[in-house]
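Worksheet: one structure, shown below.
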Amino acid sequence: MPDKEKDRKDRDKDKKPAISGAWEKVLLARHVQRPHALDFINGLTKDFMELRGDRHFGDDAALVGGIAQFEGRTVMVLGNQKGRDTKENIYRNFGTARAEGYRKAFRLMQHAAKFKLPILTFVDTGGAFPGKESEERGIAVALAENILLMSRLPVPIISLVTGEGGSGGALAISVSDRLLMLENAVYSVASPEGSATILWRDVSQAAAAAEAMKITAPDLLGFGIIDGVIPEPAGGAHTNPNEMMVTAREYMLRNLTELEDKYTSRGEAGIQAMLEARYQKYRKIGSWQELAEQAPELNGLSDILQANPSH
Amino acid sequence: MEKLFKRIPKVGGESEKEPTESSSEGTIEPQDQLKTEKVEKAPEISPEKAKKHEGHTPKFSWSIKPQGDQKPKQAARTDKADIPDDLWIKCAHCKELIYSKEFENNKKVCPKCGFHFRLTAYERVNFTLDEGSFEEINARLVTGDPLNFTTATETYQVKSDQTRAKTGLNESIVTGFGTLEGLPVALAVCDFNYMGGSMGSVFGEKLVRLVEQALERRVPLLAVSASGGARMHEGMFSLMQMAKTTAAFARLGEAGLPFISLLVDPCTGGVIASYASVADIILAEPGALLGFAGPRVIEQVTKQKLPPGFQTAEFFLEHGMIDQVVARKELRPVIAKLLHHYQTAVAQNEAREREVTYAR
Ligand SMILES: [Zn+2]
């Protein structure tokens, strides 16, 4: 994380009472009035032109994308789109995209690579849609292919988790050079409800699960899994959307400028350096220990003679 | 949920264990009921098939550099609990009585109904590779506990220790190098008995190290995946392994090295939605449960009953997600044939490159 960003975060921490409880953040991240992807796209960019359809099966309104102007650059934008009322939510499938949504994202990302457009993604989904038609149309393959593509795409990718980062459906549009989160956003391997059902065997333990799973922006920044946290207006992004847009634009621009200065302004060698840095960023994520070669039969972690945590 | 084979002792009643554990990673079944740690020489593939590649042992473009200090590890795990020769067992699928030795010789496929039972990682290694050719790498990597994870009833550390003791494995994936009908291959195999084959930090790290070594040695890679997905206990560290592993496979692909993915029962969630689905060739064993979301989740969300055969290997084939469904007894010859195709292609390409160089 850039130092400036860190300074700012520390400063903001002192300024106002932070919303710290993980479950509180989950509720804020899901707040119906919270700015959604199209709000960020329209708030941060100009002349957005939505591009639709996966050219294979259909269009998916739960995942939107298109071409836009961001601070003097043509960029590709993508985001999970939730609705604000029942009707819109049905149209948007509650922000949970099917295979065709992810294949549209794939197409638009290839398009971005062709024209060397930086990609900005806005992540806000409970996850990819777990339905019959998702399976029939190969949601697993669609997610996997996006992850593969993004790991090697020769344009800068900046992803911002604006609300809920839900599992593989979030990852499949957020493999990036810079992964940022709004202060009250969450990003998790499974929803708190899902985690509670599986690990606590009790869905009513969702708040406890949210806490234990360490899904908040500060947690993930501490783990080195995300690259920066963007402060929200006091009370949450929905209380002052305009202020939120100004701050988000500033952070996105700063990160993009850094990537341009460091990599894309330096020709092919710069692109290769960017891809190497992106690879290494993910390469080092993990927590493991190596048992010493002569360790006796392992009975417990106490037997570990030599520990090499990776981070 | 299908039941595993019941053990029917020669004398006395049946002793059937109830399924013991279910977790995020799907339902873990008591695959260890038979305690078939015993490893016999993998049954011979039919002689005609084995001969296929004898005529032309072509020069290898991919060569194995033997690593002196790495001994075959699977031998250490053998013959823990031999099955008595005279044991009859009952197939939980077709309810027929079968002779245990016949079952073993059939690579744990029911000789009566053809049902493919799950294998441990080392059984899979032994059924897949040439006898004695496997050199395991990174067997001593064990997980950290990055979230310091604890629920009301368990901690990740204790669960990890218990799982290691129970399975004799240090993680849910075994990686290494060996040969298959003489052809060198890097092999990764999940073990569903270890926390549902779930992918956490160690899984990701071992797999990426295997890919990186395969790149160095220039050998193709075969991954056999049986996994309920990301390991919940490591939270986002687990989710990120999807990106970490897939990125490594992207590099393998760019280097022109083939990646064959074999999906076996059951494979869902983060593994099938990442590296396992970006292979050059995707195969599956008959009847394997394959899918992104588990069937129970889909039924809960959609309030629909799923049709029979939904999310099977055959379903995946029908919907264009995999190349072939291959019976276990055909796997070795099929994979050998594939490896041979790629090896020939690489040799051809290298020869062409040499010609171009000379012409200049
Ligand atoms: Zn049977």
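By convention in this document, the chains of the structure tokens carry letters A, B, ... by their order, each chain's residues are numbered from 1, and ligands are numbered from 1 in the order they are shown.
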
Find the nearest atom pair between each residue of chain B and chain A for residues within 7 Å, count only C-alpha atoms, give distances in Å to one decimal, sort rows by chain and ascending number, and present the table as JSON lines.
{"residue": "B:Ser23", "atom": "CA", "partner": "A:Ile198", "partner_atom": "CA", "distance": 6.0}
{"residue": "B:Ser24", "atom": "CA", "partner": "A:Ile198", "partner_atom": "CA", "distance": 5.1}
{"residue": "B:Arg140", "atom": "CA", "partner": "A:Leu291", "partner_atom": "CA", "distance": 5.2}
{"residue": "B:Leu141", "atom": "CA", "partner": "A:Glu290", "partner_atom": "CA", "distance": 4.5}
{"residue": "B:Val142", "atom": "CA", "partner": "A:Gln289", "partner_atom": "CA", "distance": 5.2}
{"residue": "B:Thr143", "atom": "CA", "partner": "A:Trp288", "partner_atom": "CA", "distance": 4.4}
{"residue": "B:Gly144", "atom": "CA", "partner": "A:Trp288", "partner_atom": "CA", "distance": 4.6}
{"residue": "B:Asp145", "atom": "CA", "partner": "A:Ser287", "partner_atom": "CA", "distance": 6.9}
{"residue": "B:Pro146", "atom": "CA", "partner": "A:Ser287", "partner_atom": "CA", "distance": 6.1}
{"residue": "B:Leu147", "atom": "CA", "partner": "A:Lys214", "partner_atom": "CA", "distance": 6.8}
{"residue": "B:Phe149", "atom": "CA", "partner": "A:Ala212", "partner_atom": "CA", "distance": 6.4}
{"residue": "B:Thr150", "atom": "CA", "partner": "A:Ala212", "partner_atom": "CA", "distance": 6.8}
{"residue": "B:Thr151", "atom": "CA", "partner": "A:Trp200", "partner_atom": "CA", "distance": 6.6}
{"residue": "B:Asp161", "atom": "CA", "partner": "A:Gly300", "partner_atom": "CA", "distance": 5.1}
{"residue": "B:Ala165", "atom": "CA", "partner": "A:Asn299", "partner_atom": "CA", "distance": 6.5}
{"residue": "B:Ser201", "atom": "CA", "partner": "A:Gly286", "partner_atom": "CA", "distance": 4.5}
{"residue": "B:Val202", "atom": "CA", "partner": "A:Trp288", "partner_atom": "CA", "distance": 5.9}
{"residue": "B:Met232", "atom": "CA", "partner": "A:Val189", "partner_atom": "CA", "distance": 6.8}
{"residue": "B:Gly235", "atom": "CA", "partner": "A:Val189", "partner_atom": "CA", "distance": 5.5}
{"residue": "B:Met236", "atom": "CA", "partner": "A:Val189", "partner_atom": "CA", "distance": 5.4}
{"residue": "B:Phe237", "atom": "CA", "partner": "A:Gly286", "partner_atom": "CA", "distance": 5.8}
{"residue": "B:Leu239", "atom": "CA", "partner": "A:Val189", "partner_atom": "CA", "distance": 5.5}
{"residue": "B:Ala243", "atom": "CA", "partner": "A:Ile147", "partner_atom": "CA", "distance": 6.1}
{"residue": "B:Lys244", "atom": "CA", "partner": "A:Tyr282", "partner_atom": "CA", "distance": 5.1}
{"residue": "B:Thr246", "atom": "CA", "partner": "A:Leu148", "partner_atom": "CA", "distance": 5.6}
{"residue": "B:Ala247", "atom": "CA", "partner": "A:Ser151", "partner_atom": "CA", "distance": 5.3}
{"residue": "B:Ala250", "atom": "CA", "partner": "A:Leu148", "partner_atom": "CA", "distance": 6.2}
{"residue": "B:Gly270", "atom": "CA", "partner": "A:Gly168", "partner_atom": "CA", "distance": 6.8}
{"residue": "B:Ile272", "atom": "CA", "partner": "A:Ala140", "partner_atom": "CA", "distance": 6.0}
{"residue": "B:Ala273", "atom": "CA", "partner": "A:Ala140", "partner_atom": "CA", "distance": 4.1}
{"residue": "B:Ser274", "atom": "CA", "partner": "A:Ala144", "partner_atom": "CA", "distance": 4.2}
{"residue": "B:Tyr275", "atom": "CA", "partner": "A:Ala144", "partner_atom": "CA", "distance": 6.6}
{"residue": "B:Ser277", "atom": "CA", "partner": "A:Val141", "partner_atom": "CA", "distance": 5.4}
{"residue": "B:Val278", "atom": "CA", "partner": "A:Glu145", "partner_atom": "CA", "distance": 6.3}
{"residue": "B:Gly291", "atom": "CA", "partner": "A:Glu135", "partner_atom": "CA", "distance": 6.4}
{"residue": "B:Phe292", "atom": "CA", "partner": "A:Ala140", "partner_atom": "CA", "distance": 5.2}
{"residue": "B:Ala293", "atom": "CA", "partner": "A:Pro130", "partner_atom": "CA", "distance": 5.5}
{"residue": "B:Ile298", "atom": "CA", "partner": "A:Gly131", "partner_atom": "CA", "distance": 5.3}
{"residue": "B:Thr302", "atom": "CA", "partner": "A:Gly131", "partner_atom": "CA", "distance": 6.4}
{"residue": "B:His319", "atom": "CA", "partner": "A:Glu136", "partner_atom": "CA", "distance": 6.3}
{"residue": "B:Met321", "atom": "CA", "partner": "A:Gly138", "partner_atom": "CA", "distance": 6.5}

Selected residues written out with C-alpha atoms, as a short mmCIF file (atom, residue, chain, number, x, y, z; two decimals), in the first residue's frame:
data_model
loop_
_atom_site.label_atom_id
_atom_site.label_comp_id
_atom_site.auth_asym_id
_atom_site.auth_seq_id
_atom_site.Cartn_x
_atom_site.Cartn_y
_atom_site.Cartn_z
CA SER B 23 -18.24 -29.81 6.44
CA SER B 24 -18.13 -26.92 4.14
CA ARG B 140 6.33 -31.57 4.80
CA LEU B 141 4.45 -28.35 4.21
CA VAL B 142 1.78 -27.88 6.85
CA THR B 143 -0.76 -25.17 7.29
CA GLY B 144 -0.49 -22.07 9.40
CA ASP B 145 -3.54 -20.63 11.07
CA PRO B 146 -3.67 -17.14 9.62
CA LEU B 147 -7.07 -16.21 11.06
CA PHE B 149 -9.65 -19.42 13.58
CA THR B 150 -12.06 -20.67 16.13
CA THR B 151 -15.76 -21.42 16.30
CA ASP B 161 -3.86 -31.85 14.08
CA ALA B 165 -3.50 -37.89 12.74
CA SER B 201 -2.70 -22.02 1.70
CA VAL B 202 -0.71 -25.24 1.67
CA MET B 232 -13.30 -21.98 5.10
CA GLY B 235 -10.93 -17.38 4.99
CA MET B 236 -9.72 -15.10 2.23
CA PHE B 237 -6.33 -16.79 2.20
CA LEU B 239 -10.13 -17.75 -1.82
CA ALA B 243 -6.05 -16.85 -8.23
CA LYS B 244 -2.61 -17.99 -7.15
CA THR B 246 -4.68 -20.40 -11.79
CA ALA B 247 -2.01 -17.76 -12.44
CA ALA B 250 -1.41 -19.62 -17.02
CA GLY B 270 -13.32 -23.13 -5.57
CA ILE B 272 -13.54 -26.57 -10.08
CA ALA B 273 -14.03 -22.80 -10.44
CA SER B 274 -10.31 -22.21 -10.75
CA TYR B 275 -7.27 -24.17 -11.91
CA SER B 277 -11.24 -25.90 -15.22
CA VAL B 278 -8.49 -24.15 -17.17
CA GLY B 291 -20.52 -28.54 -10.08
CA PHE B 292 -19.92 -25.05 -8.82
CA ALA B 293 -22.51 -24.96 -6.05
CA ILE B 298 -29.00 -24.95 -5.34
CA THR B 302 -34.06 -22.08 -6.17
CA HIS B 319 -23.12 -29.45 -21.51
CA MET B 321 -17.66 -28.51 -20.06
#

- Message: Could you list the protein, DNA and RNA residues that have any atom within 6 Å of ligand 1, counting only C-alpha atoms and all ligand atoms, and write them as an MDAnalysis selection string?
- Response: chainID B and resid 91 93:94 96 110 112:113 115

Pick out each residue of region 94-163 of chain A that DSSP on the backbone tags as strand (DSSP E); I need them as an mmCIF file with all heavy atoms, in the first residue's frame.
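Saved result, selection_37.cif, follows:
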data_model
loop_
_atom_site.group_PDB
_atom_site.id
_atom_site.type_symbol
_atom_site.label_atom_id
_atom_site.label_comp_id
_atom_site.auth_asym_id
_atom_site.auth_seq_id
_atom_site.Cartn_x
_atom_site.Cartn_y
_atom_site.Cartn_z
ATOM 1 N N ILE A 119 -8.454 -1.283 -16.829
ATOM 2 C CA ILE A 119 -9.744 -1.828 -16.401
ATOM 3 C C ILE A 119 -10.008 -1.427 -14.955
ATOM 4 O O ILE A 119 -9.142 -1.591 -14.087
ATOM 5 C CB ILE A 119 -9.744 -3.365 -16.532
ATOM 6 C CG1 ILE A 119 -9.571 -3.764 -18.006
ATOM 7 C CG2 ILE A 119 -11.038 -3.957 -15.969
ATOM 8 C CD1 ILE A 119 -9.396 -5.253 -18.221
ATOM 9 N N LEU A 120 -11.190 -0.894 -14.725
ATOM 10 C CA LEU A 120 -11.638 -0.602 -13.357
ATOM 11 C C LEU A 120 -12.832 -1.501 -13.065
ATOM 12 O O LEU A 120 -13.796 -1.517 -13.833
ATOM 13 C CB LEU A 120 -12.068 0.861 -13.221
ATOM 14 C CG LEU A 120 -11.115 1.942 -13.733
ATOM 15 C CD1 LEU A 120 -11.730 3.335 -13.529
ATOM 16 C CD2 LEU A 120 -9.772 1.860 -13.017
ATOM 17 N N THR A 121 -12.766 -2.267 -11.975
ATOM 18 C CA THR A 121 -13.921 -3.109 -11.646
ATOM 19 C C THR A 121 -14.475 -2.733 -10.281
ATOM 20 O O THR A 121 -13.732 -2.346 -9.375
ATOM 21 C CB THR A 121 -13.578 -4.617 -11.670
ATOM 22 O OG1 THR A 121 -12.859 -4.969 -10.484
ATOM 23 C CG2 THR A 121 -12.758 -4.999 -12.889
ATOM 24 N N PHE A 122 -15.798 -2.863 -10.163
ATOM 25 C CA PHE A 122 -16.496 -2.520 -8.930
ATOM 26 C C PHE A 122 -17.214 -3.777 -8.439
ATOM 27 O O PHE A 122 -18.131 -4.270 -9.084
ATOM 28 C CB PHE A 122 -17.472 -1.366 -9.189
ATOM 29 C CG PHE A 122 -16.766 -0.139 -9.678
ATOM 30 C CD1 PHE A 122 -16.590 0.099 -11.041
ATOM 31 C CD2 PHE A 122 -16.208 0.755 -8.777
ATOM 32 C CE1 PHE A 122 -15.902 1.216 -11.495
ATOM 33 C CE2 PHE A 122 -15.516 1.876 -9.219
ATOM 34 C CZ PHE A 122 -15.363 2.103 -10.579
ATOM 35 N N VAL A 123 -16.736 -4.286 -7.323
ATOM 36 C CA VAL A 123 -17.180 -5.597 -6.851
ATOM 37 C C VAL A 123 -18.256 -5.429 -5.789
ATOM 38 O O VAL A 123 -18.049 -4.727 -4.791
ATOM 39 C CB VAL A 123 -15.986 -6.381 -6.259
ATOM 40 C CG1 VAL A 123 -16.438 -7.735 -5.744
ATOM 41 C CG2 VAL A 123 -14.884 -6.533 -7.299
ATOM 42 N N ASP A 124 -19.389 -6.048 -6.012
ATOM 43 C CA ASP A 124 -20.482 -5.953 -5.041
ATOM 44 C C ASP A 124 -21.481 -7.074 -5.290
ATOM 45 O O ASP A 124 -22.508 -6.885 -5.933
ATOM 46 C CB ASP A 124 -21.170 -4.581 -5.175
ATOM 47 C CG ASP A 124 -22.236 -4.360 -4.107
ATOM 48 O OD1 ASP A 124 -22.225 -5.081 -3.092
ATOM 49 O OD2 ASP A 124 -23.071 -3.455 -4.301
ATOM 50 N N THR A 125 -21.161 -8.246 -4.796
ATOM 51 C CA THR A 125 -22.033 -9.392 -5.044
ATOM 52 C C THR A 125 -21.954 -10.382 -3.893
ATOM 53 O O THR A 125 -20.893 -10.547 -3.278
ATOM 54 C CB THR A 125 -21.643 -10.109 -6.357
ATOM 55 O OG1 THR A 125 -22.524 -11.217 -6.552
ATOM 56 C CG2 THR A 125 -20.208 -10.622 -6.320
ATOM 57 N N ILE A 157 -5.136 -3.349 -14.030
ATOM 58 C CA ILE A 157 -6.462 -3.680 -13.503
ATOM 59 C C ILE A 157 -6.538 -3.165 -12.064
ATOM 60 O O ILE A 157 -5.688 -3.508 -11.233
ATOM 61 C CB ILE A 157 -6.720 -5.200 -13.510
ATOM 62 C CG1 ILE A 157 -6.483 -5.795 -14.909
ATOM 63 C CG2 ILE A 157 -8.152 -5.499 -13.041
ATOM 64 C CD1 ILE A 157 -6.564 -7.324 -14.951
ATOM 65 N N ILE A 158 -7.536 -2.350 -11.795
ATOM 66 C CA ILE A 158 -7.770 -1.889 -10.423
ATOM 67 C C ILE A 158 -9.172 -2.327 -10.033
ATOM 68 O O ILE A 158 -10.133 -2.055 -10.757
ATOM 69 C CB ILE A 158 -7.646 -0.359 -10.310
ATOM 70 C CG1 ILE A 158 -6.247 0.086 -10.772
ATOM 71 C CG2 ILE A 158 -7.900 0.091 -8.872
ATOM 72 C CD1 ILE A 158 -6.080 1.582 -10.801
ATOM 73 N N SER A 159 -9.281 -3.029 -8.925
ATOM 74 C CA SER A 159 -10.585 -3.501 -8.471
ATOM 75 C C SER A 159 -10.922 -2.840 -7.145
ATOM 76 O O SER A 159 -10.066 -2.724 -6.265
ATOM 77 C CB SER A 159 -10.574 -5.018 -8.296
ATOM 78 O OG SER A 159 -10.399 -5.642 -9.544
ATOM 79 N N LEU A 160 -12.164 -2.432 -7.041
ATOM 80 C CA LEU A 160 -12.630 -1.802 -5.808
ATOM 81 C C LEU A 160 -13.833 -2.583 -5.290
ATOM 82 O O LEU A 160 -14.845 -2.708 -5.988
ATOM 83 C CB LEU A 160 -13.025 -0.345 -6.079
ATOM 84 C CG LEU A 160 -13.709 0.397 -4.925
ATOM 85 C CD1 LEU A 160 -12.816 0.452 -3.694
ATOM 86 C CD2 LEU A 160 -14.107 1.817 -5.354
ATOM 87 N N VAL A 161 -13.687 -3.159 -4.090
ATOM 88 C CA VAL A 161 -14.831 -3.820 -3.470
ATOM 89 C C VAL A 161 -15.650 -2.731 -2.801
ATOM 90 O O VAL A 161 -15.188 -2.083 -1.863
ATOM 91 C CB VAL A 161 -14.384 -4.881 -2.450
ATOM 92 C CG1 VAL A 161 -15.601 -5.633 -1.911
ATOM 93 C CG2 VAL A 161 -13.399 -5.857 -3.082
ATOM 94 N N THR A 162 -16.846 -2.505 -3.325
ATOM 95 C CA THR A 162 -17.651 -1.386 -2.843
ATOM 96 C C THR A 162 -18.641 -1.812 -1.767
ATOM 97 O O THR A 162 -19.062 -1.002 -0.951
ATOM 98 C CB THR A 162 -18.444 -0.755 -3.996
ATOM 99 O OG1 THR A 162 -19.353 -1.731 -4.512
ATOM 100 C CG2 THR A 162 -17.511 -0.305 -5.107
ATOM 101 N N GLY A 163 -19.044 -3.086 -1.798
ATOM 102 C CA GLY A 163 -20.037 -3.560 -0.850
ATOM 103 C C GLY A 163 -19.665 -4.955 -0.378
ATOM 104 O O GLY A 163 -18.773 -5.140 0.435
#

Neighbouring residues of Ala284 (chain B) were defined as those with any atom within 10 Å, considering only C-alpha atoms; residues of the same chain fewer than 6 positions away were excluded. Please report them as a tab-separated table (two decimals) with all heavy atoms, in the first residue's frame.
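For reference, result.tsv as written:
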chain	number	residue	atom	x	y	z
B	224	VAL	N	-5.33	-34.34	-10.45
B	224	VAL	CA	-6.53	-35.12	-10.15
B	224	VAL	C	-7.24	-34.43	-8.99
B	224	VAL	O	-6.72	-34.37	-7.88
B	224	VAL	CB	-6.17	-36.57	-9.77
B	224	VAL	CG1	-7.45	-37.39	-9.60
B	224	VAL	CG2	-5.26	-37.20	-10.81
B	225	SER	N	-8.40	-33.87	-9.27
B	225	SER	CA	-9.04	-33.01	-8.27
B	225	SER	C	-10.32	-33.61	-7.71
B	225	SER	O	-11.24	-33.96	-8.45
B	225	SER	CB	-9.34	-31.63	-8.87
B	225	SER	OG	-8.14	-31.05	-9.33
B	261	SER	N	-6.45	-32.09	-16.67
B	261	SER	CA	-7.19	-32.05	-15.40
B	261	SER	C	-8.17	-33.21	-15.37
B	261	SER	O	-8.98	-33.37	-16.27
B	261	SER	CB	-7.95	-30.71	-15.32
B	261	SER	OG	-8.75	-30.67	-14.16
B	262	LEU	N	-8.05	-34.01	-14.33
B	262	LEU	CA	-8.98	-35.13	-14.15
B	262	LEU	C	-9.86	-34.81	-12.94
B	262	LEU	O	-9.37	-34.65	-11.83
B	262	LEU	CB	-8.20	-36.44	-13.92
B	262	LEU	CG	-9.03	-37.65	-13.49
B	262	LEU	CD1	-10.06	-38.03	-14.55
B	262	LEU	CD2	-8.11	-38.84	-13.18
B	263	LEU	N	-11.16	-34.71	-13.18
B	263	LEU	CA	-12.10	-34.40	-12.11
B	263	LEU	C	-12.70	-35.70	-11.60
B	263	LEU	O	-13.23	-36.49	-12.37
B	263	LEU	CB	-13.21	-33.48	-12.65
B	263	LEU	CG	-12.74	-32.22	-13.38
B	263	LEU	CD1	-13.93	-31.45	-13.95
B	263	LEU	CD2	-11.93	-31.33	-12.45
B	264	VAL	N	-12.58	-35.90	-10.30
B	264	VAL	CA	-13.13	-37.13	-9.72
B	264	VAL	C	-14.06	-36.76	-8.58
B	264	VAL	O	-14.09	-35.62	-8.11
B	264	VAL	CB	-12.00	-38.09	-9.25
B	264	VAL	CG1	-11.12	-38.47	-10.44
B	264	VAL	CG2	-11.16	-37.48	-8.15
B	265	ASP	N	-14.81	-37.74	-8.16
B	265	ASP	CA	-15.88	-37.51	-7.20
B	265	ASP	C	-15.37	-37.12	-5.82
B	265	ASP	O	-14.53	-37.83	-5.28
B	265	ASP	CB	-16.71	-38.78	-7.08
B	265	ASP	CG	-17.95	-38.58	-6.22
B	265	ASP	OD1	-18.82	-37.81	-6.65
B	265	ASP	OD2	-18.02	-39.18	-5.13
B	267	CYS	N	-16.17	-32.97	-6.98
B	267	CYS	CA	-15.38	-31.76	-7.21
B	267	CYS	C	-16.32	-30.58	-7.41
B	267	CYS	O	-17.01	-30.48	-8.41
B	267	CYS	CB	-14.45	-31.93	-8.40
B	267	CYS	SG	-13.14	-30.70	-8.44
B	290	LEU	N	-19.94	-33.22	-10.00
B	290	LEU	CA	-19.19	-32.05	-10.43
B	290	LEU	C	-20.13	-30.85	-10.47
B	290	LEU	O	-21.25	-30.96	-10.96
B	290	LEU	CB	-18.60	-32.25	-11.83
B	290	LEU	CG	-17.75	-33.50	-12.08
B	290	LEU	CD1	-17.31	-33.54	-13.54
B	290	LEU	CD2	-16.54	-33.54	-11.16
B	312	THR	N	-23.51	-34.38	-12.68
B	312	THR	CA	-22.61	-35.52	-12.76
B	312	THR	C	-21.58	-35.26	-13.85
B	312	THR	O	-21.69	-34.30	-14.61
B	312	THR	CB	-23.38	-36.79	-13.15
B	312	THR	OG1	-24.05	-36.53	-14.38
B	312	THR	CG2	-24.38	-37.19	-12.08
B	313	ALA	N	-20.60	-36.15	-13.93
B	313	ALA	CA	-19.60	-36.05	-15.00
B	313	ALA	C	-20.31	-36.10	-16.36
B	313	ALA	O	-19.95	-35.36	-17.29
B	313	ALA	CB	-18.61	-37.20	-14.88
B	314	GLU	N	-21.32	-36.93	-16.46
B	314	GLU	CA	-22.05	-37.08	-17.72
B	314	GLU	C	-22.80	-35.79	-18.07
B	314	GLU	O	-22.88	-35.41	-19.24
B	314	GLU	CB	-23.01	-38.28	-17.62
B	314	GLU	CG	-22.33	-39.64	-17.51
B	314	GLU	CD	-21.69	-39.92	-16.14
B	314	GLU	OE1	-22.00	-39.21	-15.15
B	314	GLU	OE2	-20.86	-40.86	-16.05
B	316	PHE	N	-21.81	-32.81	-17.16
B	316	PHE	CA	-20.76	-31.89	-17.61
B	316	PHE	C	-20.37	-32.15	-19.07
B	316	PHE	O	-20.13	-31.23	-19.83
B	316	PHE	CB	-19.53	-32.02	-16.71
B	316	PHE	CG	-19.41	-30.89	-15.71
B	316	PHE	CD1	-20.48	-30.58	-14.89
B	316	PHE	CD2	-18.25	-30.14	-15.61
B	316	PHE	CE1	-20.38	-29.54	-13.98
B	316	PHE	CE2	-18.14	-29.09	-14.70
B	316	PHE	CZ	-19.21	-28.79	-13.89
B	317	LEU	N	-20.31	-33.43	-19.41
B	317	LEU	CA	-19.96	-33.78	-20.79
B	317	LEU	C	-21.04	-33.28	-21.74
B	317	LEU	O	-20.76	-32.64	-22.76
B	317	LEU	CB	-19.80	-35.30	-20.91
B	317	LEU	CG	-19.35	-35.81	-22.28
B	317	LEU	CD1	-17.91	-35.39	-22.58
B	317	LEU	CD2	-19.48	-37.33	-22.37
B	322	ILE	N	-16.46	-30.59	-20.43
B	322	ILE	CA	-15.28	-31.46	-20.32
B	322	ILE	C	-15.10	-32.22	-21.63
B	322	ILE	O	-16.02	-32.30	-22.45
B	322	ILE	CB	-15.40	-32.46	-19.15
B	322	ILE	CG1	-16.64	-33.34	-19.28
B	322	ILE	CG2	-15.44	-31.72	-17.81
B	322	ILE	CD1	-16.76	-34.42	-18.23
B	323	ASP	N	-13.90	-32.78	-21.80
B	323	ASP	CA	-13.61	-33.45	-23.07
B	323	ASP	C	-14.15	-34.88	-23.12
B	323	ASP	O	-14.71	-35.29	-24.12
B	323	ASP	CB	-12.09	-33.47	-23.30
B	323	ASP	CG	-11.58	-32.07	-23.55
B	323	ASP	OD1	-11.80	-31.57	-24.65
B	323	ASP	OD2	-10.99	-31.48	-22.63
B	324	GLN	N	-13.94	-35.62	-22.03
B	324	GLN	CA	-14.41	-37.00	-22.03
B	324	GLN	C	-14.65	-37.49	-20.61
B	324	GLN	O	-14.03	-37.02	-19.67
B	324	GLN	CB	-13.35	-37.92	-22.68
B	324	GLN	CG	-13.28	-37.76	-24.18
B	324	GLN	CD	-12.66	-38.96	-24.87
B	324	GLN	OE1	-12.57	-40.05	-24.30
B	324	GLN	NE2	-12.24	-38.76	-26.10
B	325	VAL	N	-15.56	-38.45	-20.52
B	325	VAL	CA	-15.71	-39.22	-19.29
B	325	VAL	C	-14.96	-40.52	-19.52
B	325	VAL	O	-15.19	-41.21	-20.51
B	325	VAL	CB	-17.20	-39.51	-19.00
B	325	VAL	CG1	-17.34	-40.42	-17.78
B	325	VAL	CG2	-17.96	-38.20	-18.77
B	326	VAL	N	-14.03	-40.82	-18.62
B	326	VAL	CA	-13.16	-41.99	-18.82
B	326	VAL	C	-13.24	-42.92	-17.61
B	326	VAL	O	-13.04	-42.46	-16.47
B	326	VAL	CB	-11.69	-41.55	-19.04
B	326	VAL	CG1	-10.82	-42.76	-19.33
B	326	VAL	CG2	-11.59	-40.56	-20.19
B	327	ALA	N	-13.53	-44.17	-17.86
B	327	ALA	CA	-13.58	-45.15	-16.78
B	327	ALA	C	-12.19	-45.31	-16.17
B	327	ALA	O	-11.18	-45.19	-16.86
B	327	ALA	CB	-14.08	-46.49	-17.30
B	328	ARG	N	-12.16	-45.60	-14.88
B	328	ARG	CA	-10.88	-45.65	-14.18
B	328	ARG	C	-9.90	-46.61	-14.83
B	328	ARG	O	-8.71	-46.33	-14.94
B	328	ARG	CB	-11.12	-46.03	-12.71
B	328	ARG	CG	-9.92	-45.82	-11.82
B	328	ARG	CD	-10.28	-46.00	-10.36
B	328	ARG	NE	-11.11	-44.91	-9.86
B	328	ARG	CZ	-11.84	-44.97	-8.75
B	328	ARG	NH1	-11.84	-46.08	-8.02
B	328	ARG	NH2	-12.57	-43.95	-8.36
B	331	LEU	N	-8.01	-45.04	-17.67
B	331	LEU	CA	-7.35	-43.75	-17.48
B	331	LEU	C	-5.87	-43.76	-17.88
B	331	LEU	O	-5.41	-42.86	-18.56
B	331	LEU	CB	-7.49	-43.29	-16.03
B	331	LEU	CG	-8.79	-42.56	-15.72
B	331	LEU	CD1	-8.93	-42.34	-14.23
B	331	LEU	CD2	-8.87	-41.23	-16.46

- Taking the chain letters and numbering used in this document, name the residues of region 22-232 of chain A that DSSP puts in helix (DSSP H, G or I), as a PyMOL selection string. chain A and resi 22-29+37-44+86-91+93-95+99-114+132-136+139-152+167-171+192-200+203-212+217-222

- Contacts of Tyr91 (chain A) at 12 Å (only C-alpha atoms; same-chain gap of 2+ positions) as a PyMOL selection string: chain A and resi 59-63+81-89+93-97

- Task: May I have the residues within 9 Å of region 257-266 of chain A as a PyMOL selection string, using only C-alpha atoms and disregarding those fewer than 3 positions away in the same chain?
- Result: chain A and resi 154-156+177-178+252-254+269-274

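The gap separating CA of Ala105 (chain A) from CA of Gly267 (chain A) is 25.8 Å, in Å to one decimal.
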
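Among the candidate residues B:Val297, B:Leu338, B:Ala226, B:Ile98, the one lying nearest to Met199 (chain B) is B:Ala226, with distances computed using only C-alpha atoms.
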